[in-house]
Amino acid sequence: MFSNLRRVVRRSIRRAVDLSHPARSPLGSAVVNCLVYHNGERQDGCADAAEALRRVRKTGDSFVWIGLHEPPQDELAGLAELFGLHPLAVEDAVHAHQRPKIERYDDTLFAVFKTVRYVEHEELTATSEVVETGELMAFAGADFVITIRHGGRGTLGPVREALEADPEQLTKGPVAVLHAMVDHVVDEYVAVTDAVQNDIDAVETMVFSEDGSRGDAGRIYQLKRELLELRRAVGPLGRPLQQLSTQPITVIPPEMRTYFRDVADHLTRATDQISAYDALLDSILQAHLAQVTVAQNEDMRKITAWAAIVAVPTMVCGVYGMNFDNMPELHWTYGYPIMVGVMAVACFVIHRGFRRNGWL
């Protein structure tokens with residue numbers, strides 16, 4: 001009941017994504033928006049990438065933010081030539097399915113993040129999808145930031161709105177956008193790991209219930225697979241964040257390292273939670289298998305006990321079923337009822353003995 005209540009509350013407070021952001025414009029098949037920021041303020045009007053870059057380098061203290069969604073290679077190649085992006089990074093950005101990383105190419109940073117989302121479901125089954133992943137990439141230079149999104153999730157609308165509400169942070173330039181992106185991604189990691197706990201609690205309750213041995217082990221395996229998907233998104237990001245928060249990088253001002261260090265701490269929390277959940281699921285799975293083994297042993301003891309009881313009349317009937325002419329009490333008037341009584345008493349005594357020992 002409490003698990004379902006937490007799901008309802010989480011649905012009601014989840015922040016909706018504004019897909020009709022005022023910066024959105026039809027600049028191309030993959031271009032979501034192209035914005036110029038000067039002294040932390042978004043400039044009116046929307047220009048193409050070349051015009052935006054010209055304005056930025058003319059005014060100074062400005063940068064351009066270009067958002068793309070699954071861009072084709074030819075379209076990204078044009079931007080790569082305009083902004084001087086490295087061909088290897090451009091190739092990774094087009095084909096996606098990259099491992100989370102942050103690489104430096106001269107004065108440009110190329111970052112890859114895995115976005116995650118908790119998939120709401122009424123009940124966990126052996127085929128339930130718990131964690132949905134996407135991909136988010138970014139090129140960050142001295143006066144530009146290019147964000148690339150793959151998949152249907154991971155929109156940066158809320159990130160952009162939060163940054164525009166804090167002009168002081170935007171004055172720090174493209175690195176402020178990069179920090180806001182990774183902070184948003186890591187916050188989603190923490191939210192998803194918290195949500196997964198509800199499913200682990202449900203599985204744990206199932207296993208340790210009275211009929212836990214009859215539970216479905218497929219639900220536990222499915223949850224472990226989804227947790228592995230989450231670990232693949234979260235784990236590899238630890239080392240790049242440590243580099244951004246500790247090592248001197250041209251694009252990252254020294255005062256911004258503290259911000260990345262804070263994000264790294266949040267990521268460590270999510271990583272620790274995932275490791276703890278994985279260990280807990282291993283224990284739950286072992287407990288479930290132990291319960292199944294105990295239940296099977298109890299069933300075998302019951303079968304064995306009843307087989308021993310049935311063996312007594314089977315033996316007596318087998319003896320008197322032999323076709324010999326001279327057998328004791330074969331023609332005696334009271335032979336049949338006495339043998340039936342002996343079998344009944346013997347079965348009762350054996351049954352009572354098994355009941356005392358807990359076999360029946």
# chains A, B, ... in the order shown; residues from 1 in each chain; ligands from 1
call {"tool": "residues_around", "arguments": {"residues": "A:His184", "least_positions_apart": "5", "cutoff": "10 Å", "atoms": "only C-alpha atoms", "output": "PyMOL selection string"}}
result
chain A and resi 115+154+156+158-159+178-179+189+263
call {"tool": "write_last_selection", "arguments": {"atoms": "all heavy atoms", "output": "compact mmCIF listing (two decimals), in the first residue's frame"}}
result
# COMPACT_ATOMS: atom_id res chain seq x y z
N THR A 115 21.23 9.28 -20.24
CA THR A 115 20.07 9.75 -19.50
C THR A 115 19.21 8.55 -19.10
O THR A 115 19.15 7.54 -19.82
CB THR A 115 19.23 10.72 -20.35
OG1 THR A 115 18.80 10.05 -21.55
CG2 THR A 115 20.05 11.93 -20.72
N GLY A 154 15.39 12.88 -22.15
CA GLY A 154 16.56 13.69 -21.90
C GLY A 154 16.45 15.10 -22.44
O GLY A 154 17.46 15.73 -22.73
N LEU A 156 16.31 19.05 -22.70
CA LEU A 156 17.01 20.06 -21.91
C LEU A 156 16.17 21.30 -21.66
O LEU A 156 16.71 22.32 -21.24
CB LEU A 156 18.32 20.44 -22.61
CG LEU A 156 19.37 19.34 -22.68
CD1 LEU A 156 20.57 19.80 -23.49
CD2 LEU A 156 19.80 18.91 -21.30
N PRO A 158 13.89 21.98 -19.27
CA PRO A 158 13.97 22.44 -17.87
C PRO A 158 15.34 23.00 -17.51
O PRO A 158 15.43 23.95 -16.72
CB PRO A 158 13.66 21.17 -17.06
CG PRO A 158 12.91 20.28 -18.00
CD PRO A 158 13.47 20.57 -19.35
N VAL A 159 16.41 22.43 -18.08
CA VAL A 159 17.76 22.92 -17.80
C VAL A 159 17.92 24.35 -18.32
O VAL A 159 18.45 25.23 -17.63
CB VAL A 159 18.81 21.99 -18.43
CG1 VAL A 159 20.21 22.54 -18.23
CG2 VAL A 159 18.72 20.59 -17.84
N LEU A 178 27.36 23.19 -19.46
CA LEU A 178 27.85 21.83 -19.28
C LEU A 178 27.60 21.36 -17.85
O LEU A 178 27.16 20.22 -17.63
CB LEU A 178 29.34 21.77 -19.60
CG LEU A 178 30.00 20.39 -19.49
CD1 LEU A 178 29.39 19.43 -20.50
CD2 LEU A 178 31.51 20.51 -19.72
N HIS A 179 27.84 22.22 -16.87
CA HIS A 179 27.59 21.84 -15.48
C HIS A 179 26.10 21.60 -15.25
O HIS A 179 25.72 20.63 -14.58
CB HIS A 179 28.08 22.94 -14.54
CG HIS A 179 27.55 22.80 -13.15
ND1 HIS A 179 26.45 23.49 -12.69
CD2 HIS A 179 27.96 22.01 -12.12
CE1 HIS A 179 26.21 23.15 -11.45
NE2 HIS A 179 27.10 22.27 -11.07
N TYR A 189 19.67 10.37 -12.07
CA TYR A 189 20.21 9.11 -11.56
C TYR A 189 19.75 8.87 -10.12
O TYR A 189 19.30 7.77 -9.76
CB TYR A 189 21.74 9.13 -11.58
CG TYR A 189 22.38 9.12 -12.96
CD1 TYR A 189 23.72 9.47 -13.12
CD2 TYR A 189 21.65 8.78 -14.08
CE1 TYR A 189 24.31 9.46 -14.38
CE2 TYR A 189 22.23 8.78 -15.34
CZ TYR A 189 23.57 9.13 -15.48
OH TYR A 189 24.15 9.12 -16.72
N VAL A 263 28.62 17.79 -8.00
CA VAL A 263 27.93 16.81 -8.84
C VAL A 263 28.56 15.42 -8.67
O VAL A 263 27.86 14.41 -8.62
CB VAL A 263 27.97 17.24 -10.32
CG1 VAL A 263 27.31 16.19 -11.20
CG2 VAL A 263 27.26 18.58 -10.50
call {"tool": "residues_around", "arguments": {"residues": "A:Leu79", "least_positions_apart": "4", "cutoff": "9 Å", "atoms": "only C-alpha atoms", "output": "ChimeraX atom specification"}}
result
/A:49-50,75,83-85
call {"tool": "residues_around", "arguments": {"residues": "stretch 99-108 of chain A", "least_positions_apart": "3", "cutoff": "6 Å", "atoms": "only C-alpha atoms", "output": "number ranges by chain"}}
result
A: 111-113, 140-141, 236-237, 240
call {"tool": "closest_atom_pairs", "arguments": {"of": "stretch 158-223 of chain A", "to": "stretch 265-282 of chain A", "cutoff": "8 Å", "atoms": "only C-alpha atoms", "output": "CSV"}}
result
residue,atom,partner,partner_atom,distance
A:Val186,CA,A:Leu267,CA,6.0
A:Asp187,CA,A:His266,CA,7.5
A:Tyr189,CA,A:Ala270,CA,6.4
A:Val190,CA,A:Ala270,CA,5.3
A:Thr193,CA,A:Ala270,CA,6.6
A:Gln197,CA,A:Tyr277,CA,7.7
A:Ile200,CA,A:Leu281,CA,7.4
A:Ile220,CA,A:Leu281,CA,7.1
call {"tool": "closest_atom_pairs", "arguments": {"of": "stretch 223-266 of chain A", "to": "stretch 121-129 of chain A", "cutoff": "10 Å", "atoms": "only C-alpha atoms", "output": "tab-separated table"}}
result
residue	atom	partner	partner_atom	distance
A:Leu223	CA	A:Ala126	CA	8.2
A:Arg225	CA	A:Glu129	CA	9.7
A:Glu226	CA	A:Glu129	CA	7.3
call {"tool": "write_last_selection", "arguments": {"atoms": "N, CA and C atoms", "output": "mmCIF file, in the first residue's frame"}}
result
data_model
loop_
_atom_site.group_PDB
_atom_site.id
_atom_site.type_symbol
_atom_site.label_atom_id
_atom_site.label_comp_id
_atom_site.auth_asym_id
_atom_site.auth_seq_id
_atom_site.Cartn_x
_atom_site.Cartn_y
_atom_site.Cartn_z
ATOM 1 N N LEU A 223 14.598 -7.380 -12.362
ATOM 2 C CA LEU A 223 15.028 -6.197 -11.621
ATOM 3 C C LEU A 223 16.545 -6.084 -11.605
ATOM 4 N N ARG A 225 18.501 -7.140 -14.037
ATOM 5 C CA ARG A 225 18.888 -6.693 -15.379
ATOM 6 C C ARG A 225 18.682 -5.189 -15.533
ATOM 7 N N GLU A 226 17.558 -4.688 -15.028
ATOM 8 C CA GLU A 226 17.308 -3.249 -15.123
ATOM 9 C C GLU A 226 18.306 -2.466 -14.265
#
call {"tool": "residues_around", "arguments": {"residues": "A:Asp143", "least_positions_apart": "2", "cutoff": "7 Å", "atoms": "only C-alpha atoms", "output": "JSON list (two decimals) with all heavy atoms, in the first residue's frame"}}
result
[["chain", "number", "residue", "atom", "x", "y", "z"],
["A", 62, "SER", "N", 29.92, 36.66, -24.84],
["A", 62, "SER", "CA", 28.71, 35.99, -25.33],
["A", 62, "SER", "C", 29.05, 34.56, -25.73],
["A", 62, "SER", "O", 30.22, 34.21, -25.91],
["A", 62, "SER", "CB", 28.13, 36.74, -26.54],
["A", 62, "SER", "OG", 27.88, 38.09, -26.23],
["A", 63, "PHE", "N", 28.02, 33.78, -25.85],
["A", 63, "PHE", "CA", 28.20, 32.44, -26.40],
["A", 63, "PHE", "C", 26.91, 32.00, -27.07],
["A", 63, "PHE", "O", 25.82, 32.54, -26.79],
["A", 63, "PHE", "CB", 28.63, 31.44, -25.32],
["A", 63, "PHE", "CG", 27.57, 31.10, -24.31],
["A", 63, "PHE", "CD1", 26.74, 30.00, -24.48],
["A", 63, "PHE", "CD2", 27.41, 31.88, -23.16],
["A", 63, "PHE", "CE1", 25.78, 29.67, -23.55],
["A", 63, "PHE", "CE2", 26.44, 31.56, -22.23],
["A", 63, "PHE", "CZ", 25.62, 30.46, -22.42],
["A", 64, "VAL", "N", 27.03, 31.03, -27.95],
["A", 64, "VAL", "CA", 25.88, 30.50, -28.66],
["A", 64, "VAL", "C", 25.60, 29.09, -28.18],
["A", 64, "VAL", "O", 26.52, 28.31, -27.93],
["A", 64, "VAL", "CB", 26.12, 30.52, -30.19],
["A", 64, "VAL", "CG1", 27.38, 29.75, -30.56],
["A", 64, "VAL", "CG2", 24.92, 29.95, -30.94],
["A", 141, "GLY", "N", 32.98, 24.81, -26.04],
["A", 141, "GLY", "CA", 34.17, 25.57, -26.37],
["A", 141, "GLY", "C", 34.19, 26.89, -25.62],
["A", 141, "GLY", "O", 33.42, 27.10, -24.67],
["A", 174, "PRO", "N", 29.78, 28.75, -21.58],
["A", 174, "PRO", "CA", 29.41, 27.38, -21.93],
["A", 174, "PRO", "C", 29.64, 26.36, -20.83],
["A", 174, "PRO", "O", 28.92, 25.37, -20.74],
["A", 174, "PRO", "CB", 30.29, 27.10, -23.15],
["A", 174, "PRO", "CG", 30.57, 28.44, -23.74],
["A", 174, "PRO", "CD", 30.67, 29.37, -22.57]]
call {"tool": "residues_around", "arguments": {"residues": "A:His69", "least_positions_apart": "5", "cutoff": "7 Å", "atoms": "only C-alpha atoms", "output": "ChimeraX atom specification"}}
result
/A:30-32,148-150
call {"tool": "write_last_selection", "arguments": {"atoms": "all heavy atoms", "output": "PDB file, in the first residue's frame"}}
result
ATOM      1  N   ALA A  30      17.202  18.683 -37.678  1.00  0.00           N
ATOM      2  CA  ALA A  30      17.705  18.232 -36.392  1.00  0.00           C
ATOM      3  C   ALA A  30      17.893  19.369 -35.409  1.00  0.00           C
ATOM      4  O   ALA A  30      18.040  19.125 -34.217  1.00  0.00           O
ATOM      5  CB  ALA A  30      19.029  17.479 -36.572  1.00  0.00           C
ATOM      6  N   VAL A  31      17.917  20.612 -35.852  1.00  0.00           N
ATOM      7  CA  VAL A  31      18.170  21.743 -34.971  1.00  0.00           C
ATOM      8  C   VAL A  31      16.908  22.066 -34.184  1.00  0.00           C
ATOM      9  O   VAL A  31      15.868  22.377 -34.748  1.00  0.00           O
ATOM     10  CB  VAL A  31      18.631  22.977 -35.766  1.00  0.00           C
ATOM     11  CG1 VAL A  31      18.849  24.156 -34.829  1.00  0.00           C
ATOM     12  CG2 VAL A  31      19.912  22.669 -36.532  1.00  0.00           C
ATOM     13  N   VAL A  32      17.016  21.969 -32.867  1.00  0.00           N
ATOM     14  CA  VAL A  32      15.883  22.302 -32.006  1.00  0.00           C
ATOM     15  C   VAL A  32      15.855  23.786 -31.726  1.00  0.00           C
ATOM     16  O   VAL A  32      14.811  24.424 -31.751  1.00  0.00           O
ATOM     17  CB  VAL A  32      15.966  21.491 -30.694  1.00  0.00           C
ATOM     18  CG1 VAL A  32      14.831  21.882 -29.750  1.00  0.00           C
ATOM     19  CG2 VAL A  32      15.932  19.995 -30.993  1.00  0.00           C
ATOM     20  N   ILE A 148      23.504  17.595 -28.115  1.00  0.00           N
ATOM     21  CA  ILE A 148      22.921  16.619 -29.044  1.00  0.00           C
ATOM     22  C   ILE A 148      22.187  15.573 -28.222  1.00  0.00           C
ATOM     23  O   ILE A 148      22.763  14.981 -27.299  1.00  0.00           O
ATOM     24  CB  ILE A 148      24.012  15.957 -29.900  1.00  0.00           C
ATOM     25  CG1 ILE A 148      24.796  17.029 -30.670  1.00  0.00           C
ATOM     26  CG2 ILE A 148      23.410  14.940 -30.859  1.00  0.00           C
ATOM     27  CD1 ILE A 148      26.039  16.506 -31.343  1.00  0.00           C
ATOM     28  N   ARG A 149      20.950  15.349 -28.570  1.00  0.00           N
ATOM     29  CA  ARG A 149      20.130  14.391 -27.831  1.00  0.00           C
ATOM     30  C   ARG A 149      19.756  13.229 -28.737  1.00  0.00           C
ATOM     31  O   ARG A 149      19.336  13.424 -29.878  1.00  0.00           O
ATOM     32  CB  ARG A 149      18.874  15.088 -27.310  1.00  0.00           C
ATOM     33  CG  ARG A 149      17.950  14.199 -26.491  1.00  0.00           C
ATOM     34  CD  ARG A 149      16.960  15.049 -25.702  1.00  0.00           C
ATOM     35  NE  ARG A 149      16.206  15.951 -26.559  1.00  0.00           N
ATOM     36  CZ  ARG A 149      15.027  15.643 -27.100  1.00  0.00           C
ATOM     37  NH1 ARG A 149      14.490  14.446 -26.887  1.00  0.00           N
ATOM     38  NH2 ARG A 149      14.392  16.513 -27.854  1.00  0.00           N
ATOM     39  N   HIS A 150      19.899  12.026 -28.205  1.00  0.00           N
ATOM     40  CA  HIS A 150      19.483  10.812 -28.907  1.00  0.00           C
ATOM     41  C   HIS A 150      18.422  10.110 -28.055  1.00  0.00           C
ATOM     42  O   HIS A 150      18.580   9.958 -26.849  1.00  0.00           O
ATOM     43  CB  HIS A 150      20.667   9.865 -29.138  1.00  0.00           C
ATOM     44  CG  HIS A 150      21.634  10.357 -30.163  1.00  0.00           C
ATOM     45  ND1 HIS A 150      21.514  10.066 -31.510  1.00  0.00           N
ATOM     46  CD2 HIS A 150      22.740  11.136 -30.051  1.00  0.00           C
ATOM     47  CE1 HIS A 150      22.505  10.628 -32.179  1.00  0.00           C
ATOM     48  NE2 HIS A 150      23.264  11.290 -31.318  1.00  0.00           N
TER      49      HIS A 150
END
call {"tool": "residues_around", "arguments": {"residues": "A:Gln98", "least_positions_apart": "5", "cutoff": "10 Å", "atoms": "only C-alpha atoms", "output": "PyMOL selection string"}}
result
chain A and resi 92-93+112-114+135-137
call {"tool": "atom_distance", "arguments": {"atom1": "atom CA of A:Phe260", "atom2": "atom CA of A:Ser245"}}
result
5.2 Å
call {"tool": "closest_residue", "arguments": {"among": "A:Asp166, A:Glu91, A:Asp194, A:Glu70", "to": "A:Gly151", "atoms": "only C-alpha atoms"}}
result
A:Glu70
call {"tool": "closest_residue", "arguments": {"among": "A:Leu360, A:Lys224, A:Met343, A:Ala89", "to": "A:Trp306", "atoms": "only C-alpha atoms"}}
result
A:Leu360
call {"tool": "select_by_dssp", "arguments": {"residues": "stretch 59-262 of chain A", "states": "strand (DSSP E or B)", "output": "ChimeraX atom specification"}}
result
/A:62-69,101-105,108-118,131-140,144-150,249,252
call {"tool": "write_last_selection", "arguments": {"atoms": "C-alpha atoms", "output": "PDB file, in the first residue's frame"}}
result
ATOM      1  CA  SER A  62      28.710  35.993 -25.334  1.00  0.00           C
ATOM      2  CA  PHE A  63      28.197  32.437 -26.399  1.00  0.00           C
ATOM      3  CA  VAL A  64      25.878  30.503 -28.664  1.00  0.00           C
ATOM      4  CA  TRP A  65      23.892  27.462 -27.588  1.00  0.00           C
ATOM      5  CA  ILE A  66      22.745  25.132 -30.356  1.00  0.00           C
ATOM      6  CA  GLY A  67      20.463  22.201 -29.527  1.00  0.00           C
ATOM      7  CA  LEU A  68      20.198  19.198 -31.860  1.00  0.00           C
ATOM      8  CA  HIS A  69      18.122  16.042 -31.846  1.00  0.00           C
ATOM      9  CA  LYS A 101      32.848   9.939 -21.081  1.00  0.00           C
ATOM     10  CA  ILE A 102      34.358  13.419 -21.228  1.00  0.00           C
ATOM     11  CA  GLU A 103      37.203  13.974 -23.702  1.00  0.00           C
ATOM     12  CA  ARG A 104      39.264  17.038 -24.519  1.00  0.00           C
ATOM     13  CA  TYR A 105      40.147  18.010 -28.093  1.00  0.00           C
ATOM     14  CA  THR A 108      36.928  21.886 -26.885  1.00  0.00           C
ATOM     15  CA  LEU A 109      35.348  19.384 -24.510  1.00  0.00           C
ATOM     16  CA  PHE A 110      33.219  16.523 -25.806  1.00  0.00           C
ATOM     17  CA  ALA A 111      30.930  14.930 -23.209  1.00  0.00           C
ATOM     18  CA  VAL A 112      28.667  11.889 -23.445  1.00  0.00           C
ATOM     19  CA  PHE A 113      26.023  11.202 -20.802  1.00  0.00           C
ATOM     20  CA  LYS A 114      23.475   8.427 -20.459  1.00  0.00           C
ATOM     21  CA  THR A 115      20.066   9.749 -19.500  1.00  0.00           C
ATOM     22  CA  VAL A 116      17.741   7.532 -17.470  1.00  0.00           C
ATOM     23  CA  ARG A 117      14.049   7.542 -16.646  1.00  0.00           C
ATOM     24  CA  TYR A 118      12.023   5.413 -14.266  1.00  0.00           C
ATOM     25  CA  VAL A 131      14.707   1.882 -16.430  1.00  0.00           C
ATOM     26  CA  GLU A 132      14.614   3.596 -19.827  1.00  0.00           C
ATOM     27  CA  THR A 133      17.861   5.090 -21.121  1.00  0.00           C
ATOM     28  CA  GLY A 134      18.768   7.714 -23.688  1.00  0.00           C
ATOM     29  CA  GLU A 135      21.888   9.608 -24.667  1.00  0.00           C
ATOM     30  CA  LEU A 136      22.964  13.208 -24.324  1.00  0.00           C
ATOM     31  CA  MET A 137      26.125  14.713 -25.811  1.00  0.00           C
ATOM     32  CA  ALA A 138      27.709  18.144 -25.691  1.00  0.00           C
ATOM     33  CA  PHE A 139      30.522  20.075 -27.347  1.00  0.00           C
ATOM     34  CA  ALA A 140      31.725  22.942 -25.154  1.00  0.00           C
ATOM     35  CA  PHE A 144      29.787  27.931 -27.959  1.00  0.00           C
ATOM     36  CA  VAL A 145      28.012  24.869 -26.643  1.00  0.00           C
ATOM     37  CA  ILE A 146      26.344  22.310 -28.887  1.00  0.00           C
ATOM     38  CA  THR A 147      24.038  19.773 -27.249  1.00  0.00           C
ATOM     39  CA  ILE A 148      22.921  16.619 -29.044  1.00  0.00           C
ATOM     40  CA  ARG A 149      20.130  14.391 -27.831  1.00  0.00           C
ATOM     41  CA  HIS A 150      19.483  10.812 -28.907  1.00  0.00           C
ATOM     42  CA  ILE A 249      41.434  22.125 -17.931  1.00  0.00           C
ATOM     43  CA  ILE A 252      36.938  24.839 -17.046  1.00  0.00           C
TER      44      ILE A 252
END
call {"tool": "select_by_dssp", "arguments": {"residues": "stretch 126-348 of chain A", "states": "alpha helix (DSSP H)", "output": "number ranges by chain"}}
result
A: 157-164, 167-170, 174-207, 217-234, 238-246, 257-320, 335-348
call {"tool": "write_last_selection", "arguments": {"atoms": "C-alpha atoms", "output": "short mmCIF file (atom, residue, chain, number, x, y, z; two decimals), in the first residue's frame"}}
result
data_model
loop_
_atom_site.label_atom_id
_atom_site.label_comp_id
_atom_site.auth_asym_id
_atom_site.auth_seq_id
_atom_site.Cartn_x
_atom_site.Cartn_y
_atom_site.Cartn_z
CA GLY A 157 14.00 22.36 -21.70
CA PRO A 158 13.97 22.44 -17.87
CA VAL A 159 17.76 22.92 -17.80
CA ARG A 160 17.58 25.90 -20.13
CA GLU A 161 14.73 27.50 -18.20
CA ALA A 162 16.58 27.06 -14.89
CA LEU A 163 19.72 28.62 -16.33
CA GLU A 164 17.84 31.57 -17.83
CA PRO A 167 21.73 35.04 -15.28
CA GLU A 168 24.69 35.18 -12.89
CA GLN A 169 25.39 31.52 -13.53
CA LEU A 170 25.00 31.98 -17.29
CA PRO A 174 29.41 27.38 -21.93
CA VAL A 175 30.91 25.63 -18.92
CA ALA A 176 27.84 26.71 -16.92
CA VAL A 177 25.65 24.92 -19.48
CA LEU A 178 27.85 21.83 -19.28
CA HIS A 179 27.59 21.84 -15.48
CA ALA A 180 23.82 22.30 -15.60
CA MET A 181 23.52 19.37 -18.02
CA VAL A 182 25.56 16.94 -15.96
CA ASP A 183 23.88 18.12 -12.76
CA HIS A 184 20.47 17.46 -14.31
CA VAL A 185 21.54 14.03 -15.54
CA VAL A 186 22.98 13.02 -12.16
CA ASP A 187 19.88 14.28 -10.34
CA GLU A 188 17.87 11.93 -12.56
CA TYR A 189 20.21 9.11 -11.56
CA VAL A 190 19.49 9.79 -7.90
CA ALA A 191 15.73 10.02 -8.52
CA VAL A 192 15.65 6.75 -10.44
CA THR A 193 17.70 4.88 -7.84
CA ASP A 194 15.29 6.11 -5.16
CA ALA A 195 12.34 4.95 -7.24
CA VAL A 196 13.86 1.51 -7.85
CA GLN A 197 13.85 0.98 -4.09
CA ASN A 198 10.05 0.63 -4.23
CA ASP A 199 10.39 -2.35 -6.59
CA ILE A 200 13.08 -3.91 -4.40
CA ASP A 201 10.82 -3.51 -1.36
CA ALA A 202 7.98 -5.19 -3.26
CA VAL A 203 10.19 -8.12 -4.29
CA GLU A 204 11.53 -8.46 -0.75
CA THR A 205 8.00 -8.52 0.67
CA MET A 206 7.01 -11.19 -1.85
CA VAL A 207 9.96 -13.43 -1.04
CA ALA A 217 12.15 -15.65 -9.56
CA GLY A 218 11.84 -13.99 -12.96
CA ARG A 219 10.83 -10.74 -11.26
CA ILE A 220 14.09 -10.71 -9.30
CA TYR A 221 16.17 -11.45 -12.41
CA GLN A 222 14.35 -8.73 -14.35
CA LEU A 223 15.03 -6.20 -11.62
CA LYS A 224 18.71 -7.18 -11.59
CA ARG A 225 18.89 -6.69 -15.38
CA GLU A 226 17.31 -3.25 -15.12
CA LEU A 227 19.67 -2.38 -12.29
CA LEU A 228 22.58 -3.44 -14.50
CA GLU A 229 21.32 -1.05 -17.20
CA LEU A 230 21.31 1.73 -14.63
CA ARG A 231 24.82 0.81 -13.47
CA ARG A 232 26.10 1.03 -17.06
CA ALA A 233 24.81 4.59 -17.26
CA VAL A 234 26.03 5.76 -13.86
CA GLY A 238 32.68 8.86 -12.09
CA ARG A 239 36.20 9.20 -13.47
CA PRO A 240 35.41 12.03 -15.96
CA LEU A 241 33.70 14.04 -13.22
CA GLN A 242 36.73 13.59 -11.00
CA GLN A 243 38.89 14.97 -13.79
CA LEU A 244 36.65 18.01 -14.24
CA SER A 245 36.65 18.73 -10.51
CA THR A 246 40.35 18.20 -9.80
CA ARG A 257 35.60 22.92 -10.22
CA THR A 258 33.69 23.20 -6.96
CA TYR A 259 30.41 22.86 -8.85
CA PHE A 260 31.59 19.72 -10.62
CA ARG A 261 32.88 18.36 -7.32
CA ASP A 262 29.38 18.70 -5.88
CA VAL A 263 27.93 16.81 -8.84
CA ALA A 264 30.59 14.11 -8.37
CA ASP A 265 29.43 13.69 -4.76
CA HIS A 266 25.84 13.17 -5.92
CA LEU A 267 27.04 10.65 -8.48
CA THR A 268 28.92 8.77 -5.76
CA ARG A 269 25.72 8.56 -3.76
CA ALA A 270 23.85 7.08 -6.71
CA THR A 271 26.69 4.62 -7.41
CA ASP A 272 26.74 3.47 -3.79
CA GLN A 273 22.98 3.00 -3.80
CA ILE A 274 23.10 0.90 -6.95
CA SER A 275 25.85 -1.30 -5.51
CA ALA A 276 23.86 -1.73 -2.30
CA TYR A 277 20.69 -2.59 -4.23
CA ASP A 278 22.55 -5.13 -6.33
CA ALA A 279 23.95 -6.82 -3.22
CA LEU A 280 20.51 -6.79 -1.62
CA LEU A 281 18.95 -8.40 -4.71
CA ASP A 282 21.63 -11.11 -4.59
CA SER A 283 20.65 -11.82 -0.98
CA ILE A 284 16.94 -11.81 -1.85
CA LEU A 285 17.55 -14.20 -4.73
CA GLN A 286 19.56 -16.54 -2.51
CA ALA A 287 16.83 -16.43 0.13
CA HIS A 288 14.20 -17.22 -2.49
CA LEU A 289 16.18 -20.18 -3.82
CA ALA A 290 16.70 -21.43 -0.27
CA GLN A 291 12.95 -21.20 0.36
CA VAL A 292 12.25 -23.13 -2.83
CA THR A 293 14.72 -25.84 -1.76
CA VAL A 294 13.13 -26.07 1.71
CA ALA A 295 9.66 -26.30 0.18
CA GLN A 296 10.80 -29.06 -2.16
CA ASN A 297 12.33 -30.96 0.76
CA GLU A 298 9.08 -30.69 2.69
CA ASP A 299 7.16 -32.02 -0.30
CA MET A 300 9.58 -34.91 -0.66
CA ARG A 301 9.23 -35.78 3.04
CA LYS A 302 5.46 -35.85 2.73
CA ILE A 303 5.63 -38.05 -0.35
CA THR A 304 8.09 -40.37 1.39
CA ALA A 305 5.91 -40.59 4.51
CA TRP A 306 2.78 -41.51 2.56
CA ALA A 307 4.76 -44.04 0.52
CA ALA A 308 5.90 -45.69 3.77
CA ILE A 309 2.31 -45.84 5.04
CA VAL A 310 1.02 -47.35 1.81
CA ALA A 311 3.86 -49.89 1.85
CA VAL A 312 2.33 -51.78 4.83
CA PRO A 313 -0.98 -52.81 3.19
CA THR A 314 0.87 -53.32 -0.09
CA MET A 315 3.18 -55.82 1.58
CA VAL A 316 0.34 -57.73 3.31
CA CYS A 317 -1.77 -57.80 0.18
CA GLY A 318 1.24 -58.93 -1.80
CA VAL A 319 1.83 -61.85 0.53
CA TYR A 320 -1.76 -63.03 0.42
CA GLY A 335 -8.69 -64.15 8.70
CA TYR A 336 -9.79 -61.31 6.41
CA PRO A 337 -11.09 -58.87 9.09
CA ILE A 338 -8.06 -59.57 11.29
CA MET A 339 -5.64 -58.77 8.41
CA VAL A 340 -7.56 -55.59 7.56
CA GLY A 341 -7.40 -54.55 11.21
CA VAL A 342 -3.68 -55.26 11.38
CA MET A 343 -3.08 -53.13 8.29
CA ALA A 344 -5.20 -50.28 9.66
CA VAL A 345 -3.43 -50.29 13.03
CA ALA A 346 0.00 -50.44 11.40
CA CYS A 347 -0.85 -47.51 9.06
CA PHE A 348 -2.19 -45.48 12.00
#
call {"tool": "closest_residue", "arguments": {"among": "A:Gly173, A:Gly60, A:Pro328, A:Pro71", "to": "A:Val251", "atoms": "only C-alpha atoms"}}
result
A:Gly173
